[in-house]
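The block underneath contains the structure these notes are about, expressed in structure tokens.
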Amino acid sequence: MSIEKQVDPGRRGLLVATCAAGGVAGLATAGAFVSTFQPSERAKAAGAPVEADISDLKPGSMKIFEWRGKPVWVLKRTPEMMASLAKTESEVADPNSEKTYQMPLPEYCKNQHRSREEHKDFLVVVGICSHLGCSPGQKFQAGAQPSLPDNWQGGFLCPCHGSTFDLAARVFKNKPAPDNLDVPPHMYLSDTKILIGKDEKGEA
Amino acid sequence: MAFVEKKLPADAPIAAKALNWVDSRFPLTKLWNDQWGQYYAPKNFNFWYIFGSLAMLVLVLQIVTGIFLVMHYKPDATLAFASVETTIMRDVPWGWLVRYMHSTGASAFFIIIYLHMTRGLMYGSYRKPRELIWLFGVGIFLCLMGEAFFGYLLPWGQMSYWGAQVIVNLFGAIPFIGPDLSLWIRGDYVVSDATLNRFFSFHVIAIPLVLLGLVAAHLIALHEVGSSNPDGIEVKDHLGPDGHPLDSIPSHPYYSVHDIFGVTVFLLVFSAIIFFAPEMGGYFLEYNNFIPADSLKTPPHIAPVWYFTPYYSILRATTSQFVYALMAGVVAYVGLIVFKTKLSSLIKTAVMVGGAVALVALDVFEAKFFGVVLMGVSVMILAALPWLDQSPVKSIRYRPSWHKLVYIVFGIAFLILGYLGIKPPTDARTQVAQVCTFIYFGFFMLMPWWSAMGTFKPVPTRVTFHAH
Amino acid sequence: MNLLKKLIALLTLLPALALASEEGYPLDHAPERTKDLAAVQHGAKLFVNYCLNCHSASSMRYNRLRDIGLTEDQIKANLLFTTDKVGGLMTVAMTPKDGKEWFGAAPPDLSVIARAKSSESGTGPDWLYTYMRTFYKDDSRPTGWNNMVFPNVGMPHVFWELQGTQNAVYTDEKDAEGKVEHKFDHFEMIKAGKLSKLEYDTSVADLVGYLEWMGEPTQGLRHQLGGWVLMFLGVLVFLTWRLNASYWKEIK
């Protein structure tokens, strides 16, 4: 019994062709399986935009809505709260929101108050701290308090690792959290209804 | 012994050095060579020898698709059906493909295993010294049937539910302990969420682990004695100067490319079914299973899945009338052993006592119980094959030609039993099933006699091989 | 030897003895519609308007209707009846308990009904197509309607305004043994509906086409993909066959 040791060119060609074709088949199949990890239609349906009714929102108070499983804060800011934003400008790490946490800042919120011009006083942000994902608590009252500086103008304090945010949800300097809180795409269906998760460009 | 690592020359490729490092600590190359690379197998394997490799492929396929299905399936009686029909089939991207691969794979597994066993029957693959390979194989077959049965409950359709109900109630037919046993298996008074949860555990982890162990044992036993071949010759009787059998070739590259070819042909057929006929006329995906389980309403036509039907037929054929035929069979068989064998008088006495006990039992216990017994025996009798077969030659090729007819008759009887199992029973069908049951058991139980009868053909010393 | 051959011949004939014909009203063949998007859209409209009050289709998402050529806005404007979210499932308010009380049996979920109704007598669509066209007036039933394919069904004839009201006409025949057989002969239209027979049959075909599509929305993709997969595997079979031959030619 003899077995040839040389690989003739015909066989090599077949080997290459077979391996290539087999590789394509393997990749295609693997691709289908890997795709099953993608969000399902159910997850996508559950992630649909949410209508937020703000008709009963009083100045200085905040409502929390759920969108994609996360808390979305809608805070109706008082004139004093709006004024505080100028004072905290020099103390926040990223006053112009140049950095992004998980969602790029929508064009219409690229301003100091991080809200739409027609509804300046309404702050709409995702209430998830950009450090490790806890939900900061409300600290709207100005003045010295435990864990807060003496010149506290009002804002948010994250209980997990002490990050603080001003009333435009911008993170203060030297805090564990690196970025300002996210502003989700949103639009006003009317003066009393915000659609969270969708704007003129489409759905998030 | 001191640890010695082989030293490679300094300019050896890094891959070779890495392999050397591993080989000094783990028999990787040795394993590859012993199990495949340098595993010498007879060169005359034919079409029937592809099914072992295909069985391994389908096992891997079932496990991989199973892993992805379990990511979305919910083993809860109120959620299971929707988790398949809404989540997997519609919401999960490509979920429908994974599901069809798994359901088609289950039926494919049984087709392959039946053909794999047919090969064993034809070529005497189970004969000495390969009895243990065969026994591990019977174990795998039993586990596979269990795996299929437990898995079938999971979609929680009408067939799932009522099929499970019927089969678990079979255990209720066992005298004395039956009803309690059924209750214990179900975990409830009827098939319910408790049953679903435990069957999920069996299907997803318990039996797959046992299956993997048995498959490993099956292959280790095979590699220990070496593969048989269609001529039934022991190739190791004629070794070449290099110590390998003259009629054998290394599995790599010859059976690597050979099996890859077989695999692609299989994948072609497999894909044709998945993409164009996943229901296969209601045999691979049963129509009734598109109805959510209803514990108050049994579908009018209930039958087990196609791969269980031959054994189911045997169960149904065992009516109270049939028990009389069985009694006659017992008497005849005992007579055969007592008068026509040269076994010791001790064994003959034991057989007579056993026969008497059987006759009493057949009289006392319900036919229902013996249906279960016969069904179980019809599977288990496969394990006795290495000892029932008394033919002086292994392969059908060198047996008297009429032996082929015996095998064909057996095969037809098996197929008829399978066909009848799908159909609702009628008197005529039951009679046919009873005849076929006798043929089925006769094939095995009379084998010690018929397998040695006739004029055998001379067995060649070297394998018959035609160059490709 | 001859005896054995005779035995085998007999054995192979035995199954013929065991065959029996299936009973039931003969099913008509449902016209193929699943590839006709306009027909399936029409069927969707009929489904949502006539069926989705009592029957749920809880595996079907409204936004899946995009696959038959509708936009989300079209779906929201015309078809979103039981929910306000286009990503929602076609569930209904009626509970199975209520359904059982009001109709005798809970109206089954229709998501995969076209697959469930298949049998040896015909495909699921055949069953549905024949079912929807063989309702007839029967004052002995609580709903006043009975059905040829599903005798004593609890469902009323929801399409009676479209099809019209028909009676089942029987004949009494003497069979071979002299017994009188009360057999169904034909339907008789006693009050015409808004649609002609042809129009009604077409509408039912459209509805059945929709139900068949809804039973497996990926069916079209499955067939398409299957064509490519088989062609590709055909090439792979050829390559591996030649590769195998190239190695085995050295084995003597």
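Residues are referred to by chain and number: the chain letter is A, B, ... according to the order shown in the structure tokens, the number counts from 1 in that chain, and ligands are numbered separately from 1 in the order shown.
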For C:Gly69: contacts at 9 Å, only C-alpha atoms, fewer than 3 positions along chain excluded, given as a PyMOL selection string: chain C and resi 37-38+41+65-66
Sort by chain and increasing residue number a table of all residues of chain B within 12 Å of chain A, each with its closest pair of atoms and their distance in Å to one decimal, counting only C-alpha atoms, and write it as a tab-separated table.
```
residue	atom	partner	partner_atom	distance
B:Lys43	CA	A:Met1	CA	11.2
B:Leu61	CA	A:Thr29	CA	11.4
B:Val64	CA	A:Phe33	CA	9.2
B:Thr65	CA	A:Phe33	CA	8.4
B:Gly66	CA	A:Phe33	CA	11.3
B:Ile67	CA	A:Phe33	CA	10.2
B:Phe68	CA	A:Phe33	CA	7.4
B:Leu69	CA	A:Thr36	CA	9.3
B:Val70	CA	A:Thr36	CA	11.6
B:Met71	CA	A:Phe37	CA	8.8
B:His72	CA	A:Thr36	CA	9.4
B:Ser83	CA	A:Arg42	CA	11.1
B:Thr86	CA	A:Arg42	CA	9.1
B:Thr87	CA	A:Arg42	CA	7.5
B:Ile88	CA	A:Ser40	CA	9.0
B:Met89	CA	A:Ser40	CA	10.8
B:Arg90	CA	A:Glu41	CA	7.8
B:Asp91	CA	A:Glu41	CA	4.5
B:Val92	CA	A:Ser40	CA	4.6
B:Pro93	CA	A:Thr36	CA	5.1
B:Trp94	CA	A:Thr36	CA	5.9
B:Gly95	CA	A:Thr36	CA	6.2
B:Trp96	CA	A:Thr36	CA	9.9
B:Leu97	CA	A:Ala32	CA	8.3
B:Val98	CA	A:Phe33	CA	7.5
B:Arg99	CA	A:Phe33	CA	11.1
B:Met101	CA	A:Thr29	CA	11.2
B:Leu239	CA	A:Met1	CA	11.8
B:Gly240	CA	A:Met1	CA	9.2
B:Pro241	CA	A:Met1	CA	10.8
B:Asp242	CA	A:Met1	CA	11.0
B:His244	CA	A:Met1	CA	11.1
B:Pro245	CA	A:Met1	CA	10.6
B:Leu246	CA	A:Met1	CA	7.5
B:Asp247	CA	A:Met1	CA	8.6
B:Ser248	CA	A:Met1	CA	9.5
B:Ile249	CA	A:Met1	CA	9.2
B:Pro250	CA	A:Ile3	CA	10.2
B:Pro253	CA	A:Ile3	CA	10.8
B:Tyr254	CA	A:Ile3	CA	10.4
B:Val257	CA	A:Leu15	CA	9.7
B:Ile260	CA	A:Thr18	CA	10.0
B:Phe261	CA	A:Thr18	CA	10.2
B:Val263	CA	A:Gly22	CA	11.3
B:Thr264	CA	A:Gly22	CA	9.4
B:Leu267	CA	A:Ala25	CA	10.8
B:Leu268	CA	A:Ala25	CA	11.8
B:Ser271	CA	A:Thr29	CA	11.7
B:Ala467	CA	A:Met1	CA	12.0
```
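With only C-alpha atoms as the basis for measurement, C:Asn63 is the residue among C:Thr95, C:Asn49, C:Ser203, C:Asn63 that approaches chain B most closely.
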Hey, could you make a per-residue contact list for stretch 113-159 of chain B against stretch 213-224 of chain B with 7 Å as the cut-off, showing the nearest pair of atoms and its distance in Å to one decimal, counting only C-alpha atoms, sorted by chain and number, as JSON lines?
```
{"residue": "B:Leu132", "atom": "CA", "partner": "B:Ala221", "partner_atom": "CA", "distance": 6.9}
{"residue": "B:Ile133", "atom": "CA", "partner": "B:His218", "partner_atom": "CA", "distance": 5.2}
{"residue": "B:Phe136", "atom": "CA", "partner": "B:His218", "partner_atom": "CA", "distance": 5.5}
{"residue": "B:Gly137", "atom": "CA", "partner": "B:His218", "partner_atom": "CA", "distance": 6.5}
{"residue": "B:Ile140", "atom": "CA", "partner": "B:Leu214", "partner_atom": "CA", "distance": 6.2}
```
Members of stretch 117-201 of chain C assigned strand (DSSP E) by DSSP, as number ranges by chain: C: 135-137, 145-147, 164-174, 180-192
Dump C-alpha atoms for the selected residues as a PDB file, in the first residue's frame?
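The resulting file, result.pdb, is shown below:
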```pdb
ATOM      1  CA  PHE C 135     -72.050  27.723   7.621  1.00  0.00           C
ATOM      2  CA  TYR C 136     -75.780  27.096   7.301  1.00  0.00           C
ATOM      3  CA  LYS C 137     -78.927  28.044   9.148  1.00  0.00           C
ATOM      4  CA  TRP C 145     -75.923  28.533  12.828  1.00  0.00           C
ATOM      5  CA  ASN C 146     -74.249  25.202  12.215  1.00  0.00           C
ATOM      6  CA  ASN C 147     -71.259  24.213  10.095  1.00  0.00           C
ATOM      7  CA  GLY C 164     -75.975  35.505   2.838  1.00  0.00           C
ATOM      8  CA  THR C 165     -78.013  32.861   4.654  1.00  0.00           C
ATOM      9  CA  GLN C 166     -78.001  29.337   3.297  1.00  0.00           C
ATOM     10  CA  ASN C 167     -79.859  26.157   4.211  1.00  0.00           C
ATOM     11  CA  ALA C 168     -78.429  22.669   4.103  1.00  0.00           C
ATOM     12  CA  VAL C 169     -80.553  20.427   1.882  1.00  0.00           C
ATOM     13  CA  TYR C 170     -80.522  16.695   2.527  1.00  0.00           C
ATOM     14  CA  THR C 171     -81.653  13.731   0.495  1.00  0.00           C
ATOM     15  CA  ASP C 172     -82.794  10.374   1.765  1.00  0.00           C
ATOM     16  CA  GLU C 173     -81.119   7.552  -0.147  1.00  0.00           C
ATOM     17  CA  LYS C 174     -81.337   3.823   0.270  1.00  0.00           C
ATOM     18  CA  VAL C 180     -82.107   4.929   4.568  1.00  0.00           C
ATOM     19  CA  GLU C 181     -79.171   7.348   4.611  1.00  0.00           C
ATOM     20  CA  HIS C 182     -79.855  11.004   5.371  1.00  0.00           C
ATOM     21  CA  LYS C 183     -77.191  12.597   3.251  1.00  0.00           C
ATOM     22  CA  PHE C 184     -76.199  16.207   2.626  1.00  0.00           C
ATOM     23  CA  ASP C 185     -76.865  17.148  -0.955  1.00  0.00           C
ATOM     24  CA  HIS C 186     -76.338  20.871  -1.516  1.00  0.00           C
ATOM     25  CA  PHE C 187     -76.670  24.341   0.000  1.00  0.00           C
ATOM     26  CA  GLU C 188     -79.632  26.551  -0.859  1.00  0.00           C
ATOM     27  CA  MET C 189     -79.309  30.323  -0.508  1.00  0.00           C
ATOM     28  CA  ILE C 190     -82.480  31.628   1.145  1.00  0.00           C
ATOM     29  CA  LYS C 191     -81.330  35.217   1.642  1.00  0.00           C
ATOM     30  CA  ALA C 192     -78.558  36.650  -0.512  1.00  0.00           C
TER      31      ALA C 192
END
```
